[in-house]
Amino acid sequence: MGKAIFRKRKKRRNLLPLLLTCLITAVLAVGLVAWTLSQQEPPQDSSQQQSPDDQPVPETPRRVLPKEFIDRNTYSPYVVLYDVTGSEMLYSKNADQRCYPASLTKLMTAIIAVENADPDTVITVGNEVNMIAAGSSRAYLTAGTKMNLTQLLQAMLLPSGNDAAYVAAVHIGRILADDPDLDRYAAVSKFCEAMNNKATELGCTGTSFVNPDGYHEDSHYTTAADMLKIAIEAIDHPLIAQVVSQPSAKVTLLTGQTATWHNSNRLVLPDNAYYYEGAFGLKTGSTDEAGRCLAACATRGGRTSIAIVLGAATENGRWDDARGLLDISFQ
């Protein structure tokens, strides 16, 4: 009987360490759960959570072909390729060497025009159309015709009308001089002064304009780097950007005449072998001294690029260069 009682008491004493161990384990477990929960961020309100589209997308490194490869595979001796969206010069060749711009000059002519007259400004064509040189490209404007500035820009930038460039120069030159009766030659001189002042303002260091149309004169020159600055400024003006993107324009002038002008830039012509998807300008030019020139711009995937090619020896060369360079910029 005594032995039995002794055994029962012994069993009760041995339960205490076990109960103590369980209690400590439970306390530790509760503490661990509480610590874990404290490390988790509180749930966000669904209205404040970012969708996957809002998350920053890591930028993919641009793959640009080696400069030596592009040097060997471009026909034009003066070239720049620029990423407008990223403000990045992607490629250049002889960019600061003096060359001739031909009708790319008309980009500056258009800039001065839109900065000094409204799109609906009424312009009367005068005998300044006879100031163009023999063999000039023309929009076939005639004295006495009335048109607005938008139509004049179409006549100048699409078929590259030298006559339209002189009409713009005389009209705007008289505005700048505050003299509606200013002699046409003095008005053109005033206009060219404004062209050169604007070039300086844009940071051009190798450019001199002596006429509004780009017909060759030895003292009328630029560089590919300067022409890029002018092109960037041109597309910053919505009216210019809209006009140069048109494959053609059929207009009725204010005096009732109708005209259809076709864009000389093959990159924006959908049915042309050189059509470039996303291209929206800018301007062609050619003279014997300047060679074949082109300021080309395009937008793809939310990015805009400009290619300036000057001095190409062949007609196809400038189109091939521009297309190839733009392709590189969008890789």
# chains A, B, ... in the order shown; residues from 1 in each chain; ligands from 1
>>> residues_around(residues="Gly311 in chain A", least_positions_apart="4", cutoff="7 Å", atoms="only C-alpha atoms", output="PyMOL selection string")
chain A and resi 76-78+290-293
>>> residues_around(residues="range 216-218 of chain A", least_positions_apart="3", cutoff="10 Å", atoms="only C-alpha atoms", output="list in words")
Cys99, Tyr100, Pro101, Ala102, Ser103, Ala133, Ser208, Phe209, Val210, Asn211, Asp213, Tyr221, Ser286, Thr287, Asp288, Glu289 and Ala290 of chain A
>>> write_last_selection(atoms="C-alpha atoms", output="PDB file, in the first residue's frame")
ATOM      1  CA  CYS A  99      28.534  71.948 -97.081  1.00  0.00           C
ATOM      2  CA  TYR A 100      25.524  73.240 -99.009  1.00  0.00           C
ATOM      3  CA  PRO A 101      21.924  72.761 -97.849  1.00  0.00           C
ATOM      4  CA  ALA A 102      20.055  73.347-101.136  1.00  0.00           C
ATOM      5  CA  SER A 103      16.306  73.438-100.423  1.00  0.00           C
ATOM      6  CA  ALA A 133      16.849  81.516-110.714  1.00  0.00           C
ATOM      7  CA  SER A 208      25.235  81.438 -93.556  1.00  0.00           C
ATOM      8  CA  PHE A 209      21.977  82.143 -95.429  1.00  0.00           C
ATOM      9  CA  VAL A 210      21.904  84.618 -98.306  1.00  0.00           C
ATOM     10  CA  ASN A 211      18.631  83.590 -99.949  1.00  0.00           C
ATOM     11  CA  ASP A 213      15.211  79.092-101.228  1.00  0.00           C
ATOM     12  CA  TYR A 221      26.224  77.145 -96.610  1.00  0.00           C
ATOM     13  CA  SER A 286      19.365  69.106-104.409  1.00  0.00           C
ATOM     14  CA  THR A 287      21.687  71.174-106.550  1.00  0.00           C
ATOM     15  CA  ASP A 288      24.753  70.186-108.525  1.00  0.00           C
ATOM     16  CA  GLU A 289      26.976  71.666-105.826  1.00  0.00           C
ATOM     17  CA  ALA A 290      25.016  70.388-102.797  1.00  0.00           C
TER      18      ALA A 290
END
>>> select_by_dssp(residues="range 91-309 of chain A", states="strand (DSSP E)", output="PyMOL selection string")
chain A and resi 91-93+122-124+146-148+248-252+258-262+279-287+291-300+303-309
>>> atom_distance(atom1="CA of Arg303 in chain A", atom2="CA of Ser329 in chain A")
9.1 Å
>>> residues_around(residues="Ala187 in chain A", least_positions_apart="2", cutoff="12 Å", atoms="only C-alpha atoms", output="ChimeraX atom specification")
/A:128,166-185,189-194,211-212
